[in-house]
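Below is upload_30.pdb, holding PDB, C-alpha atoms and all ligand atoms.
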```pdb
ATOM      1  CA  MET A   1       9.122  -9.335  26.627
ATOM      2  CA  ASP A   2      11.673 -12.091  27.080
ATOM      3  CA  VAL A   3       8.952 -14.614  26.246
ATOM      4  CA  ALA A   4       7.872 -12.633  23.153
ATOM      5  CA  ARG A   5      11.486 -12.375  21.956
ATOM      6  CA  THR A   6      12.172 -16.066  22.563
ATOM      7  CA  ALA A   7       8.856 -17.175  21.009
ATOM      8  CA  VAL A   8       9.573 -15.401  17.705
ATOM      9  CA  SER A   9      13.121 -16.742  17.709
ATOM     10  CA  ILE A  10      11.826 -20.306  18.179
ATOM     11  CA  MET A  11       9.267 -19.743  15.401
ATOM     12  CA  GLY A  12      12.272 -19.034  13.137
ATOM     13  CA  LEU A  13      13.802 -22.341  14.157
ATOM     14  CA  GLU A  14      10.619 -24.229  13.294
ATOM     15  CA  ASP A  15       9.473 -22.354  10.171
ATOM     16  CA  LYS A  16      10.267 -24.338   7.026
ATOM     17  CA  GLU A  17      10.601 -21.115   5.017
ATOM     18  CA  THR A  18      12.971 -19.226   7.362
ATOM     19  CA  LYS A  19      15.744 -19.070   4.759
ATOM     20  CA  ASP A  20      13.468 -18.091   1.862
ATOM     21  CA  ASN A  21      13.545 -14.279   1.616
ATOM     22  CA  SER A  22      11.316 -14.062  -1.470
ATOM     23  CA  PRO A  23       8.431 -11.554  -1.154
ATOM     24  CA  LYS A  24       5.780 -14.305  -1.217
ATOM     25  CA  ALA A  25       7.485 -16.451   1.435
ATOM     26  CA  ASN A  26       8.077 -13.354   3.578
ATOM     27  CA  MET A  27       4.391 -12.434   3.423
ATOM     28  CA  ARG A  28       3.450 -15.954   4.524
ATOM     29  CA  LYS A  29       5.994 -15.837   7.355
ATOM     30  CA  VAL A  30       4.903 -12.452   8.715
ATOM     31  CA  MET A  31       1.272 -13.605   8.709
ATOM     32  CA  ARG A  32       2.326 -16.619  10.752
ATOM     33  CA  ILE A  33       4.350 -14.483  13.196
ATOM     34  CA  PHE A  34       1.449 -12.007  13.517
ATOM     35  CA  ALA A  35      -0.982 -14.853  14.237
ATOM     36  CA  LYS A  36       1.201 -16.940  16.538
ATOM     37  CA  THR A  37       2.780 -14.273  18.787
ATOM     38  CA  PRO A  38      -0.427 -13.273  20.644
ATOM     39  CA  VAL A  39      -1.274 -16.964  21.082
ATOM     40  CA  ALA A  40       2.161 -17.647  22.601
ATOM     41  CA  LEU A  41       1.910 -14.608  24.875
ATOM     42  CA  ALA A  42      -1.608 -15.413  26.056
ATOM     43  CA  ALA A  43      -0.555 -19.015  26.758
ATOM     44  CA  PHE A  44       2.273 -17.697  28.918
ATOM     45  CA  TYR A  45      -0.092 -15.202  30.594
ATOM     46  CA  ARG A  46      -2.243 -18.073  31.805
ATOM     47  CA  SER A  47       0.337 -20.781  32.428
ATOM     48  CA  ARG A  48       2.395 -18.614  34.778
ATOM     49  CA  LYS A  49      -0.761 -18.191  36.880
ATOM     50  CA  GLY A  50      -1.288 -21.966  36.883
ATOM     51  CA  LYS A  51      -4.326 -21.619  34.588
ATOM     52  CA  LYS A  52      -5.276 -23.787  31.626
ATOM     53  CA  ILE A  53      -4.177 -22.517  28.199
ATOM     54  CA  ILE A  54      -7.105 -21.398  26.021
ATOM     55  CA  GLN A  55      -7.170 -21.940  22.246
ATOM     56  CA  PRO A  56      -8.251 -18.999  20.040
ATOM     57  CA  LYS A  57     -11.699 -19.127  18.399
ATOM     58  CA  LYS A  58     -12.121 -18.603  14.654
ATOM     59  CA  LYS A  59     -15.276 -16.495  15.027
ATOM     60  CA  LEU A  60     -13.607 -13.922  17.307
ATOM     61  CA  SER A  61     -11.693 -10.873  16.050
ATOM     62  CA  PHE A  62      -7.945 -10.409  16.677
ATOM     63  CA  SER A  63      -8.525  -8.257  19.778
ATOM     64  CA  GLU A  64     -11.458 -10.318  21.085
ATOM     65  CA  ASN A  65      -9.304 -13.425  20.813
ATOM     66  CA  PHE A  66      -6.487 -11.852  22.812
ATOM     67  CA  PHE A  67      -8.857 -11.032  25.694
ATOM     68  CA  TYR A  68     -10.452 -14.477  25.406
ATOM     69  CA  MET A  69      -7.123 -16.324  25.450
ATOM     70  CA  CYS A  70      -5.841 -14.282  28.447
ATOM     71  CA  PHE A  71      -8.985 -14.026  30.586
ATOM     72  CA  GLY A  72     -11.326 -16.746  29.287
ATOM     73  CA  LYS A  73     -13.947 -14.154  28.289
ATOM     74  CA  VAL A  74     -14.446 -11.221  25.927
ATOM     75  CA  PRO A  75     -15.191  -7.864  27.611
ATOM     76  CA  ASN A  76     -17.854  -5.409  26.468
ATOM     77  CA  LYS A  77     -17.506  -4.040  22.921
ATOM     78  CA  ASP A  78     -16.334  -0.577  24.032
ATOM     79  CA  ILE A  79     -13.370  -2.093  25.868
ATOM     80  CA  VAL A  80     -12.522  -4.210  22.801
ATOM     81  CA  LYS A  81     -12.786  -1.060  20.641
ATOM     82  CA  ALA A  82     -10.371   0.818  22.964
ATOM     83  CA  PHE A  83      -7.918  -2.083  22.715
ATOM     84  CA  ASP A  84      -8.280  -2.127  18.915
ATOM     85  CA  VAL A  85      -7.595   1.616  18.779
ATOM     86  CA  SER A  86      -4.457   1.216  20.900
ATOM     87  CA  LEU A  87      -3.197  -1.519  18.546
ATOM     88  CA  ILE A  88      -3.847   0.672  15.501
ATOM     89  CA  LEU A  89      -1.978   3.598  17.099
ATOM     90  CA  TYR A  90       0.930   1.307  17.974
ATOM     91  CA  ALA A  91       1.082  -0.519  14.613
ATOM     92  CA  GLU A  92       3.593   1.605  12.716
ATOM     93  CA  HIS A  93       5.664   4.697  13.433
ATOM     94  CA  SER A  94       8.401   5.227  10.832
ATOM     95  CA  PHE A  95      12.074   5.004  11.868
ATOM     96  CA  ASN A  96      11.776   4.495  15.630
ATOM     97  CA  VAL A  97      14.525   2.504  17.390
ATOM     98  CA  SER A  98      13.013  -0.972  16.984
ATOM     99  CA  THR A  99      12.070  -0.439  13.328
ATOM    100  CA  PHE A 100      15.544   0.855  12.596
ATOM    101  CA  THR A 101      16.909  -2.246  14.356
ATOM    102  CA  ALA A 102      14.734  -4.499  12.150
ATOM    103  CA  ARG A 103      15.852  -2.626   9.019
ATOM    104  CA  THR A 104      19.517  -2.885  10.006
ATOM    105  CA  ILE A 105      19.310  -6.638  10.677
ATOM    106  CA  THR A 106      17.461  -7.123   7.387
ATOM    107  CA  SER A 107      20.036  -5.088   5.465
ATOM    108  CA  SER A 108      22.638  -7.848   5.896
ATOM    109  CA  LEU A 109      20.095 -10.187   4.185
ATOM    110  CA  SER A 110      19.420 -11.993   7.451
ATOM    111  CA  ASP A 111      15.974 -13.546   8.001
ATOM    112  CA  ILE A 112      12.668 -12.019   9.051
ATOM    113  CA  HIS A 113      12.397 -13.936  12.338
ATOM    114  CA  GLY A 114      15.823 -12.624  13.360
ATOM    115  CA  ALA A 115      14.870  -9.061  12.421
ATOM    116  CA  ILE A 116      11.666  -9.191  14.492
ATOM    117  CA  THR A 117      13.442 -10.875  17.408
ATOM    118  CA  GLY A 118      16.000  -8.028  17.411
ATOM    119  CA  ALA A 119      13.224  -5.443  17.125
ATOM    120  CA  ILE A 120      11.486  -6.906  20.198
ATOM    121  CA  ALA A 121      14.732  -6.651  22.187
ATOM    122  CA  SER A 122      14.953  -3.017  21.145
ATOM    123  CA  LEU A 123      11.312  -2.249  21.969
ATOM    124  CA  LYS A 124      11.768  -3.656  25.481
ATOM    125  CA  GLY A 125      13.855  -0.686  26.643
ATOM    126  CA  PRO A 126      12.135   1.924  28.858
ATOM    127  CA  LEU A 127      13.133   4.781  26.542
ATOM    128  CA  HIS A 128      11.094   3.073  23.779
ATOM    129  CA  GLY A 129       8.147   0.638  24.182
ATOM    130  CA  GLY A 130       8.955  -0.241  27.785
ATOM    131  CA  ALA A 131       7.736   3.251  28.738
ATOM    132  CA  ASN A 132       4.059   2.135  28.918
ATOM    133  CA  GLU A 133       4.954  -0.197  31.805
ATOM    134  CA  GLU A 134       7.076   2.472  33.506
ATOM    135  CA  VAL A 135       4.095   4.866  33.396
ATOM    136  CA  MET A 136       2.073   2.343  35.409
ATOM    137  CA  HIS A 137       4.898   1.881  37.916
ATOM    138  CA  MET A 138       4.954   5.671  38.327
ATOM    139  CA  MET A 139       1.175   5.851  38.844
ATOM    140  CA  ASN A 140       1.364   3.054  41.405
ATOM    141  CA  LYS A 141       4.098   4.947  43.263
ATOM    142  CA  ILE A 142       1.948   8.110  43.268
ATOM    143  CA  LYS A 143      -0.952   5.995  44.687
ATOM    144  CA  LYS A 144      -3.556   8.789  45.115
ATOM    145  CA  PRO A 145      -4.490  11.892  43.057
ATOM    146  CA  GLU A 146      -3.742  14.097  46.125
ATOM    147  CA  ASN A 147      -0.069  12.952  45.968
ATOM    148  CA  ALA A 148       0.405  13.603  42.247
ATOM    149  CA  SER A 149       1.441  17.271  42.240
ATOM    150  CA  LYS A 150       3.992  16.874  45.049
ATOM    151  CA  TRP A 151       5.377  13.660  43.514
ATOM    152  CA  ILE A 152       5.920  15.019  40.019
ATOM    153  CA  ASN A 153       7.358  18.345  41.251
ATOM    154  CA  LYS A 154       9.847  16.443  43.391
ATOM    155  CA  ALA A 155      10.783  14.200  40.437
ATOM    156  CA  LEU A 156      11.471  17.279  38.321
ATOM    157  CA  ASP A 157      13.460  18.942  41.139
ATOM    158  CA  ASN A 158      15.582  15.759  41.186
ATOM    159  CA  LYS A 159      15.992  16.004  37.392
ATOM    160  CA  ASP A 160      14.403  12.558  36.932
ATOM    161  CA  VAL A 161      13.289  11.395  33.485
ATOM    162  CA  VAL A 162       9.501  11.064  33.638
ATOM    163  CA  MET A 163       8.356   8.077  31.603
ATOM    164  CA  GLY A 164       5.605   8.546  29.023
ATOM    165  CA  PHE A 165       6.731  12.116  28.292
ATOM    166  CA  GLY A 166       8.880  13.560  25.530
ATOM    167  CA  HIS A 167       9.625  12.338  22.061
ATOM    168  CA  ARG A 168      12.582  12.544  19.703
ATOM    169  CA  VAL A 169      10.351  13.712  16.831
ATOM    170  CA  TYR A 170       7.206  15.245  18.394
ATOM    171  CA  LYS A 171       8.376  18.261  20.333
ATOM    172  CA  SER A 172       4.976  19.900  20.786
ATOM    173  CA  GLY A 173       2.829  16.826  21.377
ATOM    174  CA  ASP A 174       2.424  13.286  20.047
ATOM    175  CA  SER A 175      -0.416  13.180  17.473
ATOM    176  CA  ARG A 176      -1.542   9.767  18.792
ATOM    177  CA  VAL A 177      -2.206  11.034  22.321
ATOM    178  CA  PRO A 178      -5.585  12.853  21.900
ATOM    179  CA  THR A 179      -7.202   9.695  20.456
ATOM    180  CA  MET A 180      -5.747   7.373  23.099
ATOM    181  CA  ARG A 181      -6.604   9.867  25.882
ATOM    182  CA  GLU A 182     -10.235   9.780  24.733
ATOM    183  CA  TYR A 183     -10.347   5.965  24.859
ATOM    184  CA  PHE A 184      -8.566   5.928  28.238
ATOM    185  CA  GLY A 185     -11.422   8.136  29.488
ATOM    186  CA  LYS A 186     -14.027   5.783  28.019
ATOM    187  CA  VAL A 187     -12.449   2.730  29.664
ATOM    188  CA  ALA A 188     -12.121   4.582  33.005
ATOM    189  CA  LYS A 189     -15.830   5.465  32.820
ATOM    190  CA  ILE A 190     -16.860   1.858  32.126
ATOM    191  CA  LYS A 191     -14.648   0.657  34.976
ATOM    192  CA  LYS A 192     -15.973   3.468  37.232
ATOM    193  CA  ASP A 193     -12.424   4.494  38.104
ATOM    194  CA  LYS A 194     -11.462   8.176  38.187
ATOM    195  CA  LYS A 195      -8.224   7.787  40.162
ATOM    196  CA  PHE A 196      -5.824   7.201  37.281
ATOM    197  CA  GLU A 197      -7.365   9.953  35.128
ATOM    198  CA  LYS A 198      -6.901  12.451  37.953
ATOM    199  CA  ILE A 199      -3.264  11.432  38.451
ATOM    200  CA  TYR A 200      -2.802  11.554  34.656
ATOM    201  CA  ASP A 201      -4.141  15.106  34.324
ATOM    202  CA  THR A 202      -2.142  16.504  37.249
ATOM    203  CA  VAL A 203       1.180  15.013  36.116
ATOM    204  CA  GLU A 204       0.571  16.155  32.529
ATOM    205  CA  LYS A 205      -0.188  19.739  33.615
ATOM    206  CA  VAL A 206       2.961  20.018  35.749
ATOM    207  CA  MET A 207       5.119  18.531  32.940
ATOM    208  CA  ILE A 208       3.791  21.072  30.439
ATOM    209  CA  ASP A 209       3.860  24.055  32.842
ATOM    210  CA  ARG A 210       7.331  23.396  34.191
ATOM    211  CA  LYS A 211       9.157  21.709  31.313
ATOM    212  CA  ASN A 212       7.016  22.281  28.206
ATOM    213  CA  ILE A 213       7.279  18.488  27.642
ATOM    214  CA  TYR A 214       4.167  16.705  26.360
ATOM    215  CA  PRO A 215       2.957  13.110  26.834
ATOM    216  CA  ASN A 216       3.701  10.434  24.251
ATOM    217  CA  VAL A 217       1.296   7.582  23.406
ATOM    218  CA  ASP A 218       2.689   5.339  26.165
ATOM    219  CA  TYR A 219       1.306   7.728  28.802
ATOM    220  CA  PRO A 220      -2.411   6.989  28.161
ATOM    221  CA  THR A 221      -1.952   3.343  27.086
ATOM    222  CA  GLY A 222      -0.317   2.323  30.396
ATOM    223  CA  PRO A 223      -3.309   3.081  32.673
ATOM    224  CA  THR A 224      -5.771   1.960  29.946
ATOM    225  CA  TYR A 225      -4.261  -1.543  29.806
ATOM    226  CA  HIS A 226      -4.217  -1.612  33.611
ATOM    227  CA  LEU A 227      -7.936  -0.805  33.769
ATOM    228  CA  MET A 228      -8.575  -3.535  31.181
ATOM    229  CA  GLY A 229      -7.090  -5.983  33.672
ATOM    230  CA  PHE A 230      -3.705  -6.802  32.111
ATOM    231  CA  ASP A 231      -0.635  -7.391  34.296
ATOM    232  CA  THR A 232       1.803  -4.479  33.977
ATOM    233  CA  ASP A 233       4.564  -6.606  32.443
ATOM    234  CA  PHE A 234       2.189  -7.391  29.560
ATOM    235  CA  PHE A 235       1.810  -3.797  28.369
ATOM    236  CA  THR A 236       4.927  -3.831  26.162
ATOM    237  CA  PRO A 237       4.201  -7.362  24.814
ATOM    238  CA  ILE A 238       0.797  -5.971  23.716
ATOM    239  CA  PHE A 239       2.743  -3.243  21.868
ATOM    240  CA  VAL A 240       4.715  -6.103  20.197
ATOM    241  CA  ILE A 241       1.647  -7.918  18.874
ATOM    242  CA  SER A 242       0.642  -4.706  17.119
ATOM    243  CA  ARG A 243       4.049  -3.417  15.928
ATOM    244  CA  ILE A 244       4.817  -6.764  14.229
ATOM    245  CA  THR A 245       2.783  -5.345  11.323
ATOM    246  CA  GLY A 246       4.871  -2.170  11.032
ATOM    247  CA  TRP A 247       8.178  -3.997  11.420
ATOM    248  CA  SER A 248       7.116  -6.544   8.787
ATOM    249  CA  ALA A 249       6.206  -3.849   6.257
ATOM    250  CA  HIS A 250       9.585  -2.163   6.804
ATOM    251  CA  ILE A 251      11.480  -5.459   6.496
ATOM    252  CA  ILE A 252       9.724  -6.319   3.229
ATOM    253  CA  GLU A 253      10.348  -2.799   1.897
ATOM    254  CA  GLN A 254      14.019  -2.932   2.948
ATOM    255  CA  LEU A 255      14.485  -6.214   1.085
ATOM    256  CA  SER A 256      12.842  -4.856  -2.047
ATOM    257  CA  THR A 257      15.601  -2.225  -2.529
ATOM    258  CA  ASN A 258      18.229  -3.419  -0.117
ATOM    259  CA  LYS A 259      21.490  -1.652   0.678
ATOM    260  CA  LEU A 260      23.628  -2.668   3.641
ATOM    261  CA  ILE A 261      23.122  -0.188   6.494
ATOM    262  CA  ARG A 262      26.591   0.615   7.747
ATOM    263  CA  PRO A 263      27.037   4.047   9.357
ATOM    264  CA  LEU A 264      30.435   5.583   9.929
ATOM    265  CA  ALA A 265      31.330   6.982  13.328
ATOM    266  CA  ALA A 266      32.991  10.378  13.669
ATOM    267  CA  TYR A 267      35.675   9.836  16.306
ATOM    268  CA  ASN A 268      36.211  12.871  18.522
ATOM    269  CA  GLY A 269      38.146  11.371  21.429
ATOM    270  CA  ASN A 270      41.837  11.742  22.312
ATOM    271  CA  LYS A 271      44.032  12.340  19.283
ATOM    272  CA  HIS A 272      46.927  10.209  20.394
ATOM    273  CA  ARG A 273      47.631   8.293  23.573
ATOM    274  CA  LYS A 274      51.016   6.976  24.494
ATOM    275  CA  VAL A 275      50.900   3.235  25.110
ATOM    276  CA  SER A 276      53.627   1.977  27.428
ATOM    277  CA  GLU A 277      55.287  -1.270  26.499
ATOM    278  CA  LEU A 278      54.013  -4.383  28.291
ATOM    279  CA  LYS A 279      57.254  -4.913  30.189
ATOM    280  CA  ASN A 280      56.978  -1.381  31.625
ATOM    281  CA  ARG A 281      53.394  -1.725  32.900
TER     282      ARG A 281
HETATM  283  N1  LIG B   1      11.234  13.749  31.605
HETATM  284  C1  LIG B   1      12.001  14.748  32.052
HETATM  285  N2  LIG B   1      12.810  15.470  31.245
HETATM  286  C2  LIG B   1      12.819  15.146  29.935
HETATM  287  C3  LIG B   1      12.039  14.111  29.396
HETATM  288  C4  LIG B   1      11.224  13.406  30.303
HETATM  289  N3  LIG B   1      10.453  12.401  29.876
HETATM  290  N4  LIG B   1      12.243  14.031  28.081
HETATM  291  C5  LIG B   1      13.133  14.978  27.773
HETATM  292  N5  LIG B   1      13.486  15.656  28.904
HETATM  293  C6  LIG B   1      14.422  16.769  29.008
HETATM  294  C7  LIG B   1      15.843  16.259  28.999
HETATM  295  O1  LIG B   1      16.294  15.974  30.319
HETATM  296  C8  LIG B   1      16.563  17.423  28.388
HETATM  297  O2  LIG B   1      16.733  18.425  29.379
HETATM  298  P1  LIG B   1      18.082  19.319  29.423
HETATM  299  O3  LIG B   1      18.097  20.058  28.120
HETATM  300  O4  LIG B   1      17.881  20.166  30.638
HETATM  301  O5  LIG B   1      19.204  18.333  29.542
HETATM  302  C9  LIG B   1      15.582  17.962  27.360
HETATM  303  O6  LIG B   1      14.281  17.560  27.822
HETATM  304  C10 LIG B   1      15.793  17.427  25.980
HETATM  305  O7  LIG B   1      15.747  16.027  26.077
HETATM  306  P2  LIG B   1      16.497  15.004  25.147
HETATM  307  O8  LIG B   1      16.883  13.810  25.975
HETATM  308  O9  LIG B   1      17.564  15.681  24.363
HETATM  309  O10 LIG B   1      15.357  14.621  24.163
HETATM  310  P3  LIG B   1      15.399  13.356  23.301
HETATM  311  O11 LIG B   1      14.758  13.717  22.030
HETATM  312  O12 LIG B   1      16.777  12.799  23.220
HETATM  313  O13 LIG B   1      14.552  12.328  24.160
HETATM  314  C11 LIG B   1      13.177  10.600  24.753
HETATM  315  C12 LIG B   1      13.484  11.654  23.701
HETATM  316  C13 LIG B   1      11.913   9.862  24.317
HETATM  317  C14 LIG B   1      14.347   9.614  24.846
HETATM  318  C15 LIG B   1      12.951  11.265  26.116
HETATM  319  O14 LIG B   1      11.947  12.246  26.024
HETATM  320  C16 LIG B   1      12.628  10.279  27.225
HETATM  321  O15 LIG B   1      13.538   9.666  27.796
HETATM  322  N6  LIG B   1      11.304  10.105  27.541
HETATM  323  C17 LIG B   1      10.896   9.141  28.537
HETATM  324  C18 LIG B   1      10.796   7.743  27.951
HETATM  325  C19 LIG B   1       9.592   7.561  27.071
HETATM  326  O16 LIG B   1       8.487   7.933  27.402
HETATM  327  N7  LIG B   1       9.823   6.921  25.921
HETATM  328  C20 LIG B   1       8.782   6.622  24.951
HETATM  329  C21 LIG B   1       8.992   7.440  23.721
HETATM  330  S1  LIG B   1       7.662   7.218  22.561
END
```
Could you rewrite the structure in this file as C-alpha cells?
Ligand code: COA
Amino acid sequence: MDVARTAVSIMGLEDKETKDNSPKANMRKVMRIFAKTPVALAAFYRSRKGKKIIQPKKKLSFSENFFYMCFGKVPNKDIVKAFDVSLILYAEHSFNVSTFTARTITSSLSDIHGAITGAIASLKGPLHGGANEEVMHMMNKIKKPENASKWINKALDNKDVVMGFGHRVYKSGDSRVPTMREYFGKVAKIKKDKKFEKIYDTVEKVMIDRKNIYPNVDYPTGPTYHLMGFDTDFFTPIFVISRITGWSAHIIEQLSTNKLIRPLAAYNGNKHRKVSELKNR
C-alpha cells in the first residue's frame, strides 16, 4: 500500500496536467492513473522477488494483464472471471472512508493525484480496505478447519474485533458477499482446496450465532486472492486498482458542484479548566 500511495503521488509530480482541474483534463488523468497503478504494483511485485519486470500486453484484458505482469502467465478463464468479479464488487461503494477522504481533499480544489493518494492512505487501514489482508492473517493463525470453532469462540470471549465482519451501513449482511462467496467457492474448487472454505463457514456461523454480525466483502476476497497465488500484502493494493474508478467518479462529481467540506465539531469536554501561570508550574 505504501508503494501504491507513493506511485500515485509520483504520477502527480510527473503529469503535465496535474494543475488542470477541467473535466476533460481530469478524465485524461484518471485514465492514466487507472492504467499505470496496476503496472507500477505488478513491477514492484516482481522486483522485490528479484524477478524481471514484465510489460503489459495490448491484447490482454485489464485483469489478464495484472496476472500476466505479476506471474508471467494468465490463469484459466474462470480464475480471471473471479478476479474480474472481485474488482467490480470493489469498484465503488458510496461514502466509505476513503471516498469521503478523496471528496474532502478535492473540496479544497486540490488536485486529483493528491485526492487519490489520500484515499489510498485511508483505504490501507484494517477497519477499511486493509481488512482483506487481516482476514488472511486470521485464517493462517487458525491453520486447520478443526481449530476454527475454538479459535473464533476464544476471540469473541476476549472481545476481539474479528476482521472481515461487520459494516457501518449493512447491519444484516453485505449485499456483495453472496456473489463473492460463490466465486471463492469456484476458485477453491479449481485449486482443489477445501481448507479455507471450511474455516470460512465455521467462523461465519459462530459470528452470526453468537453476535448476529455478518461478513463483509473483505471476508471472501481475502482467501480468494490467496488461492489465486497473490502475496497477502497485495490484497489491499488489488482493492486500490479497482476503487480508483469509484474515487475518480466521486472526485469529478465533487468538482462539478463543489462546496468546501468543513464539518463543525460539537465540543463536550470540560467546561472550564484553570490554567496555572507558568511561573507557578
Ligand atoms: N468483530 C467483533 N465485534 C464486532 C465487529 C467485529 N468485526 N464489528 C462490530 N462488532 C461489535 C462491536 O464490538 C460492538 O459491540 P458492543 O456494542 O458490545 O460494544 C457492536 O458490534 C457494534 O459495533 P460498532 O463498532 O459500533 O459498529 P460500527 O458500525 O462502528 O463498525 C466496523 C463497523 C466495520 C468498523 C466494524 O464492524 C469492524 O471493525 N469490523 C472489522 C473490520 C472490517 O472488516 N472492516 C471492513 C469493513 S467493509
Between atom CA of Tyr183 of chain A and atom CA of Ile213 of chain A lies a distance of 21.8 Å
Item checked: Ser242 of chain A surroundings by all atoms listed in the file, 8 Å radius, close-in-sequence under 4 positions cut, as a list in words ->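 What passes the distance filter is Leu87, Ile88, Tyr90, Ala91, Ile238 and Gly246 of chain A.
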TODO: Would you list the contacts of Asp84 of chain A as number ranges by chain, taking every protein, DNA or RNA residue within 12 Å and counting all atoms listed in the file, but skipping same-chain residues closer than 2 positions in sequence?
DONE: A: 61-67, 77-82, 86-91, 179-180, 183, 221, 225, 238-239, 241-242
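For the atom pair formed by atom N7 of ligand LIG 1 (chain B) and atom CA of Pro178 of chain A, the distance is 17.0 Å, given to one decimal.
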Write out as a tab-separated table the residues of chain A that have any atom within 6 Å of an atom of ligand LIG 1 (chain B), one row each with the nearest atom pair and its distance in Å to one decimal, counting only C-alpha atoms and all ligand atoms, sorted by chain and then rising number.
```
residue	atom	partner	partner_atom	distance
A:Leu127	CA	B:LIG1	N7	4.0
A:His128	CA	B:LIG1	C20	4.4
A:Ala131	CA	B:LIG1	O16	4.9
A:Asp160	CA	B:LIG1	C1	5.9
A:Val161	CA	B:LIG1	N1	3.6
A:Val162	CA	B:LIG1	N1	3.8
A:Met163	CA	B:LIG1	C17	4.1
A:Gly164	CA	B:LIG1	O16	3.4
A:Phe165	CA	B:LIG1	N3	4.1
A:Gly166	CA	B:LIG1	O14	3.4
A:His167	CA	B:LIG1	C13	4.1
A:Arg168	CA	B:LIG1	O11	3.4
A:Asn216	CA	B:LIG1	S1	5.4
```
